[in-house]
Protein chains: 2
Amino acid sequence: MVNQTLKQEIMQLEADFCAALSDPTRIFILYALNERSLNVTELTNELALPQPTISRHLKVLRERGLVFTERQGTVITYHLVDQRVIQAMDLLRSAMRDRLTQRASLVNELG
Amino acid sequence: MVNQTLKQEIMQLEADFCAALSDPTRIFILYALNERSLNVTELTNELALPQPTISRHLKVLRERGLVFTERQGTVITYHLVDQRVIQAMDLLRSAMRDRLTQRASLVNELG
DNA sequence: TGTATATATTCGTTCATGCGCATATAGGAA
DNA sequence: TTCCTATATGCGCATGAACGAATATATACA
């Protein structure tokens with residue numbers, strides 16, 4: 001039997017993990033890093049957003065342990081820590097897609 | 001090739017989906033509903049939180065399409081829409097757990 | 001040392017979120 | 001109708017997140 005406070009803390013950790021995923025820019029970053037590791041400048045070009053914005057989002061992902069860095073000179077390359085995060089997002093995507101198509105077909109039946 | 005704006009919108013939808021998961025109370029609710037469907041009063045008792053708090057969190061989950069309701073008289077029972085959401089959270093949990101144990105063993109090596 | 005490039009951080013503002021509390025609504029029974 | 005229970009919503013406040021713009025830090029090189 002698990003301590004109630006511990007359970008609460010785990011749930012909080014999990015929520016923080018999900019909070020890192022609750023921003024479209026960060027989701028884009030994670031999927032991009034799943035294709036291949038990228039440095040900040042490359043990510044900035046890919047997303048066409050200001051560099052400080054990218055750096056701030058990367059900080060969030062770093063602090064939550066979703067990405068890790070590797071420095072080569074002045075260039076810092078970001079890597080995805082765990083592929084399961086992408087798998088989880090794909091699952092959510094498929095659930096979301098089904099819900100949307102279901103709603104769409106409902107609209108079609110009405111029309 | 002997918003329209004860039006459409007891609008952006010899908011990413012936003014996905015982020016909203018994740019935002020629904022970025023609160024410990026809502027995660028608790030989802031796992032509870034995965035065990036069995038519950039009405040608001042039962043959830044209020046399970047979580048030991050004020051009823052308005054529960055109702056507001058349920059509203060978020062409803063609007064994001066994660067739960068659906070069924071009314072029997074004055075009682076409204078909440079159901080989980082898609083089990084894949086739980087599967088996704090379990091994946092995130094396992095990734096999180098591995099990261100924590102890895103960090104813990106690192107601490108042990110230092111000590 | 002100085003300069004250039006890559007990345008990170010600070011500040012101020014704006015906007016969203018969560019909560020406590022009170023209140024409103026909906027349905028059933030008398 | 002009135003009353004009771006179940007659920008939802010409005011309000012006000014405090015907290016937190018995101019962003020633009022400017023600035024700071026770190027590394028390499030001359």
# chains A, B, ... in the order shown; residues from 1 in each chain; ligands from 1

$ residues_around --residues "Glu63 (chain A)" --least-positions-apart "5" --cutoff "10 Å" --atoms "only C-alpha atoms (C1' of nucleotides)" --output "NGL selection string"
:A and (17 or 20 or 58 or 68)

$ write_last_selection --atoms "C-alpha atoms" --output "PDB file, in the first residue's frame"
ATOM      1  CA  PHE A  17       5.727  16.004 -17.202  1.00  0.00           C
ATOM      2  CA  ALA A  20       5.896  20.204 -20.569  1.00  0.00           C
ATOM      3  CA  LEU A  58      14.208  24.045 -24.351  1.00  0.00           C
ATOM      4  CA  PHE A  68      19.466  16.419 -22.789  1.00  0.00           C
TER       5      PHE A  68
END

$ interface_residues --of "chain D" --to "chain B" --cutoff "12 Å" --atoms "only C-alpha atoms (C1' of nucleotides)" --output "JSON list (two decimals) with N, CA and C atoms (P, O5', C5', C4', C3', O3' and C1' of nucleotides), in the first residue's frame"
[["chain", "number", "residue", "atom", "x", "y", "z"],
["D", 4, "DC", "P", -35.89, 21.14, 3.16],
["D", 4, "DC", "O5'", -35.04, 20.03, 2.39],
["D", 4, "DC", "C5'", -35.63, 18.75, 2.15],
["D", 4, "DC", "C4'", -34.82, 18.03, 1.07],
["D", 4, "DC", "C3'", -33.31, 18.24, 1.18],
["D", 4, "DC", "O3'", -32.65, 16.98, 1.22],
["D", 4, "DC", "C1'", -34.04, 18.63, -1.02],
["D", 5, "DT", "P", -31.09, 16.94, 1.63],
["D", 5, "DT", "O5'", -30.43, 16.17, 0.40],
["D", 5, "DT", "C5'", -31.19, 15.23, -0.34],
["D", 5, "DT", "C4'", -30.65, 15.12, -1.74],
["D", 5, "DT", "C3'", -29.13, 15.23, -1.85],
["D", 5, "DT", "O3'", -28.65, 14.18, -2.68],
["D", 5, "DT", "C1'", -30.14, 16.74, -3.34],
["D", 6, "DA", "P", -27.08, 13.95, -2.90],
["D", 6, "DA", "O5'", -26.90, 14.46, -4.39],
["D", 6, "DA", "C5'", -27.63, 13.85, -5.45],
["D", 6, "DA", "C4'", -27.23, 14.48, -6.77],
["D", 6, "DA", "C3'", -25.73, 14.63, -6.96],
["D", 6, "DA", "O3'", -25.38, 14.17, -8.25],
["D", 6, "DA", "C1'", -26.81, 16.75, -7.19],
["D", 7, "DT", "P", -23.84, 14.13, -8.68],
["D", 7, "DT", "O5'", -23.70, 15.54, -9.42],
["D", 7, "DT", "C5'", -24.50, 15.79, -10.57],
["D", 7, "DT", "C4'", -24.39, 17.22, -10.99],
["D", 7, "DT", "C3'", -22.97, 17.70, -11.34],
["D", 7, "DT", "O3'", -22.91, 17.88, -12.74],
["D", 7, "DT", "C1'", -24.22, 19.35, -10.15],
["D", 8, "DA", "P", -21.64, 18.54, -13.44],
["D", 8, "DA", "O5'", -21.98, 20.09, -13.48],
["D", 8, "DA", "C5'", -23.19, 20.51, -14.08],
["D", 8, "DA", "C4'", -23.30, 22.03, -14.06],
["D", 8, "DA", "C3'", -22.09, 22.78, -14.60],
["D", 8, "DA", "O3'", -22.54, 23.74, -15.53],
["D", 8, "DA", "C1'", -22.63, 23.58, -12.44],
["D", 9, "DT", "P", -21.51, 24.56, -16.40],
["D", 9, "DT", "O5'", -21.49, 25.98, -15.67],
["D", 9, "DT", "C5'", -22.72, 26.63, -15.44],
["D", 9, "DT", "C4'", -22.52, 27.88, -14.58],
["D", 9, "DT", "C3'", -21.38, 28.81, -15.04],
["D", 9, "DT", "O3'", -21.91, 30.12, -15.13],
["D", 9, "DT", "C1'", -21.24, 28.39, -12.74],
["D", 10, "DG", "P", -21.11, 31.24, -15.93],
["D", 10, "DG", "O5'", -21.04, 32.43, -14.87],
["D", 10, "DG", "C5'", -22.03, 32.52, -13.85],
["D", 10, "DG", "C4'", -21.68, 33.63, -12.86],
["D", 10, "DG", "C3'", -20.60, 34.61, -13.32],
["D", 10, "DG", "O3'", -20.90, 35.90, -12.78],
["D", 10, "DG", "C1'", -19.82, 33.37, -11.44]]

$ calpha_fit_and_write --fixed "chain B" --moving "chain A" --output "short mmCIF file (atom, residue, chain, number, x, y, z; two decimals) with C-alpha atoms, in the first residue's frame"
data_model
loop_
_atom_site.label_atom_id
_atom_site.label_comp_id
_atom_site.auth_asym_id
_atom_site.auth_seq_id
_atom_site.Cartn_x
_atom_site.Cartn_y
_atom_site.Cartn_z
CA MET A 1 2.24 17.45 -48.04
CA VAL A 2 0.30 19.03 -45.23
CA ASN A 3 -0.63 22.69 -45.06
CA GLN A 4 1.54 24.51 -42.54
CA THR A 5 -1.42 26.24 -40.89
CA LEU A 6 -3.27 22.94 -40.54
CA LYS A 7 -0.18 21.39 -38.96
CA GLN A 8 -0.09 24.27 -36.53
CA GLU A 9 -3.75 23.75 -35.61
CA ILE A 10 -3.29 20.03 -35.05
CA MET A 11 -0.33 20.77 -32.81
CA GLN A 12 -2.47 23.25 -30.90
CA LEU A 13 -5.21 20.64 -30.47
CA GLU A 14 -2.66 18.16 -29.23
CA ALA A 15 -1.30 20.74 -26.80
CA ASP A 16 -4.80 21.38 -25.47
CA PHE A 17 -5.21 17.65 -25.04
CA CYS A 18 -1.99 17.52 -23.03
CA ALA A 19 -2.94 20.61 -21.06
CA ALA A 20 -5.94 18.68 -19.80
CA LEU A 21 -3.46 16.15 -18.43
CA SER A 22 -1.21 18.72 -16.80
CA ASP A 23 -2.96 18.80 -13.44
CA PRO A 24 -2.59 16.19 -10.71
CA THR A 25 -6.27 16.31 -9.78
CA ARG A 26 -7.34 15.61 -13.35
CA ILE A 27 -4.83 12.77 -13.67
CA PHE A 28 -6.25 11.28 -10.51
CA ILE A 29 -9.77 11.60 -11.91
CA LEU A 30 -8.81 9.88 -15.17
CA TYR A 31 -7.17 6.96 -13.40
CA ALA A 32 -10.16 6.66 -11.07
CA LEU A 33 -12.55 6.60 -14.04
CA ASN A 34 -10.37 3.96 -15.65
CA GLU A 35 -11.13 1.67 -12.71
CA ARG A 36 -14.85 2.31 -12.97
CA SER A 37 -17.25 5.08 -13.95
CA LEU A 38 -18.11 7.44 -11.10
CA ASN A 39 -20.52 10.27 -10.43
CA VAL A 40 -19.52 13.68 -9.11
CA THR A 41 -20.29 12.90 -5.49
CA GLU A 42 -18.25 9.71 -5.60
CA LEU A 43 -15.32 11.55 -7.16
CA THR A 44 -15.65 14.28 -4.55
CA ASN A 45 -15.41 11.66 -1.80
CA GLU A 46 -12.53 9.82 -3.45
CA LEU A 47 -10.43 12.95 -3.86
CA ALA A 48 -11.54 14.72 -0.67
CA LEU A 49 -11.84 18.01 -2.51
CA PRO A 50 -14.69 20.56 -2.66
CA GLN A 51 -17.42 19.62 -5.11
CA PRO A 52 -17.08 22.80 -7.20
CA THR A 53 -13.39 22.04 -7.68
CA ILE A 54 -14.20 18.59 -8.99
CA SER A 55 -16.92 19.95 -11.28
CA ARG A 56 -14.55 22.50 -12.76
CA HIS A 57 -11.91 19.88 -13.49
CA LEU A 58 -14.55 17.63 -15.01
CA LYS A 59 -15.59 20.48 -17.26
CA VAL A 60 -12.03 20.76 -18.58
CA LEU A 61 -11.90 17.02 -19.28
CA ARG A 62 -15.34 17.14 -20.90
CA GLU A 63 -14.50 20.08 -23.17
CA ARG A 64 -11.31 18.34 -24.30
CA GLY A 65 -13.26 15.19 -25.05
CA LEU A 66 -11.51 12.96 -22.53
CA VAL A 67 -14.66 12.01 -20.62
CA PHE A 68 -18.37 11.85 -21.36
CA THR A 69 -21.42 11.95 -19.13
CA GLU A 70 -24.58 10.00 -18.61
CA ARG A 71 -27.46 11.34 -16.55
CA GLN A 72 -29.69 9.23 -14.32
CA GLY A 73 -32.09 11.53 -12.56
CA THR A 74 -30.05 14.13 -10.72
CA VAL A 75 -26.94 11.97 -10.73
CA ILE A 76 -24.42 12.47 -13.52
CA THR A 77 -21.99 9.65 -14.08
CA TYR A 78 -18.67 10.30 -15.79
CA HIS A 79 -17.01 7.81 -18.11
CA LEU A 80 -13.59 7.63 -19.71
CA VAL A 81 -13.87 8.11 -23.49
CA ASP A 82 -10.71 6.38 -24.65
CA GLN A 83 -8.48 3.95 -22.82
CA ARG A 84 -5.51 5.02 -24.95
CA VAL A 85 -5.22 8.15 -22.82
CA ILE A 86 -4.41 5.90 -19.85
CA GLN A 87 -1.98 3.90 -21.97
CA ALA A 88 -0.24 7.13 -22.95
CA MET A 89 0.00 8.23 -19.32
CA ASP A 90 1.40 4.84 -18.36
CA LEU A 91 4.07 5.26 -21.02
CA LEU A 92 4.95 8.67 -19.66
CA ARG A 93 5.01 7.20 -16.17
CA SER A 94 7.43 4.48 -17.16
CA ALA A 95 9.70 7.00 -18.89
CA MET A 96 9.53 9.19 -15.81
CA ARG A 97 10.26 6.30 -13.51
CA ASP A 98 13.34 5.27 -15.48
CA ARG A 99 14.63 8.80 -15.39
CA LEU A 100 14.17 9.01 -11.63
CA THR A 101 15.81 5.65 -10.88
CA GLN A 102 18.67 6.57 -13.18
CA ARG A 103 19.16 9.77 -11.25
CA ALA A 104 18.90 7.90 -7.95
CA SER A 105 21.56 5.37 -8.89
CA LEU A 106 23.77 8.27 -9.93
CA VAL A 107 23.38 9.70 -6.45
CA ASN A 108 24.21 6.29 -4.97
CA GLU A 109 27.43 6.06 -6.96
CA LEU A 110 28.48 9.42 -5.59
CA GLY A 111 27.69 8.33 -2.02
#

$ select_by_dssp --residues "region 39-86 of chain A" --states "helix (DSSP H, G or I)" --output "list in words"
Val40, Thr41, Glu42, Leu43, Thr44, Asn45, Glu46, Leu47, Gln51, Pro52, Thr53, Ile54, Ser55, Arg56, His57, Leu58, Lys59, Val60, Leu61, Arg62, Glu63, Arg84, Val85 and Ile86 of chain A

$ interface_residues --of "chain C" --to "chain B" --cutoff "10 Å" --atoms "only C-alpha atoms (C1' of nucleotides)" --output "PDB file with C-alpha atoms (C1' of nucleotides), in the first residue's frame"
ATOM      1  C1'  DG C  18      -6.741  27.135 -10.134  1.00  0.00           C
ATOM      2  C1'  DC C  19      -9.152  27.825  -6.004  1.00  0.00           C
ATOM      3  C1'  DG C  20     -12.438  29.335  -2.229  1.00  0.00           C
ATOM      4  C1'  DC C  21     -16.713  30.928  -1.653  1.00  0.00           C
ATOM      5  C1'  DA C  26     -31.657  20.839 -12.791  1.00  0.00           C
ATOM      6  C1'  DG C  27     -34.364  17.022 -11.428  1.00  0.00           C
ATOM      7  C1'  DG C  28     -37.184  14.303  -8.013  1.00  0.00           C
TER       8       DG C  28
END

$ decode --residues "region 13-24 of chain D" --atoms "N, CA and C atoms (P, O5', C5', C4', C3', O3' and C1' of nucleotides)" --output "short mmCIF file (atom, residue, chain, number, x, y, z; two decimals), in the first residue's frame"
data_model
loop_
_atom_site.label_atom_id
_atom_site.label_comp_id
_atom_site.auth_asym_id
_atom_site.auth_seq_id
_atom_site.Cartn_x
_atom_site.Cartn_y
_atom_site.Cartn_z
P DC D 13 -10.62 41.33 -5.56
"O5'" DC D 13 -9.50 40.23 -5.27
"C5'" DC D 13 -9.70 39.29 -4.22
"C4'" DC D 13 -8.69 38.16 -4.34
"C3'" DC D 13 -7.27 38.65 -4.66
"O3'" DC D 13 -6.37 38.13 -3.69
"C1'" DC D 13 -7.90 36.89 -6.11
P DA D 14 -4.90 38.70 -3.51
"O5'" DA D 14 -4.00 37.43 -3.88
"C5'" DA D 14 -4.30 36.17 -3.30
"C4'" DA D 14 -3.61 35.08 -4.10
"C3'" DA D 14 -2.16 35.40 -4.46
"O3'" DA D 14 -1.34 34.27 -4.20
"C1'" DA D 14 -3.38 34.88 -6.41
P DT D 15 0.25 34.38 -4.28
"O5'" DT D 15 0.63 33.20 -5.26
"C5'" DT D 15 -0.28 32.11 -5.46
"C4'" DT D 15 -0.11 31.55 -6.86
"C3'" DT D 15 1.32 31.64 -7.41
"O3'" DT D 15 1.75 30.34 -7.75
"C1'" DT D 15 -0.26 32.37 -9.01
P DG D 16 3.28 30.07 -8.18
"O5'" DG D 16 3.15 29.80 -9.75
"C5'" DG D 16 2.12 28.93 -10.21
"C4'" DG D 16 2.00 29.03 -11.71
"C3'" DG D 16 3.35 29.06 -12.45
"O3'" DG D 16 3.24 28.27 -13.62
"C1'" DG D 16 2.05 30.93 -13.05
P DA D 17 4.53 27.79 -14.37
"O5'" DA D 17 4.12 28.05 -15.89
"C5'" DA D 17 2.77 27.89 -16.29
"C4'" DA D 17 2.56 28.54 -17.63
"C3'" DA D 17 3.79 28.50 -18.54
"O3'" DA D 17 3.38 28.25 -19.86
"C1'" DA D 17 3.17 30.75 -18.12
P DA D 18 4.44 28.01 -21.00
"O5'" DA D 18 4.33 29.35 -21.85
"C5'" DA D 18 3.08 29.70 -22.41
"C4'" DA D 18 3.24 30.98 -23.21
"C3'" DA D 18 4.51 31.02 -24.06
"O3'" DA D 18 4.20 31.46 -25.35
"C1'" DA D 18 4.42 32.90 -22.59
P DC D 19 5.26 31.49 -26.50
"O5'" DC D 19 5.52 33.05 -26.68
"C5'" DC D 19 4.42 33.94 -26.69
"C4'" DC D 19 4.92 35.35 -26.60
"C3'" DC D 19 6.22 35.58 -27.37
"O3'" DC D 19 6.05 36.64 -28.30
"C1'" DC D 19 6.37 36.45 -25.16
P DG D 20 7.08 36.79 -29.50
"O5'" DG D 20 7.54 38.31 -29.32
"C5'" DG D 20 6.57 39.30 -28.97
"C4'" DG D 20 7.26 40.58 -28.55
"C3'" DG D 20 8.53 40.90 -29.34
"O3'" DG D 20 8.58 42.31 -29.57
"C1'" DG D 20 9.07 40.61 -27.03
P DA D 21 9.68 42.92 -30.52
"O5'" DA D 21 10.74 43.49 -29.48
"C5'" DA D 21 10.30 44.28 -28.39
"C4'" DA D 21 11.46 44.53 -27.44
"C3'" DA D 21 12.81 44.70 -28.14
"O3'" DA D 21 13.42 45.92 -27.74
"C1'" DA D 21 12.96 43.12 -26.38
P DA D 22 14.82 46.36 -28.35
"O5'" DA D 22 15.80 46.12 -27.12
"C5'" DA D 22 15.44 46.60 -25.84
"C4'" DA D 22 16.29 45.95 -24.77
"C3'" DA D 22 17.80 46.03 -25.02
"O3'" DA D 22 18.43 46.69 -23.93
"C1'" DA D 22 17.15 43.81 -24.45
P DT D 23 20.02 46.89 -23.90
"O5'" DT D 23 20.55 45.62 -23.08
"C5'" DT D 23 19.91 45.29 -21.85
"C4'" DT D 23 20.48 44.01 -21.30
"C3'" DT D 23 22.02 43.91 -21.31
"O3'" DT D 23 22.45 43.47 -20.04
"C1'" DT D 23 21.08 41.99 -22.26
P DA D 24 23.99 43.57 -19.63
"O5'" DA D 24 24.32 42.06 -19.25
"C5'" DA D 24 23.44 41.36 -18.38
"C4'" DA D 24 23.71 39.86 -18.48
"C3'" DA D 24 25.19 39.48 -18.39
"O3'" DA D 24 25.32 38.38 -17.50
"C1'" DA D 24 24.22 38.56 -20.34
#
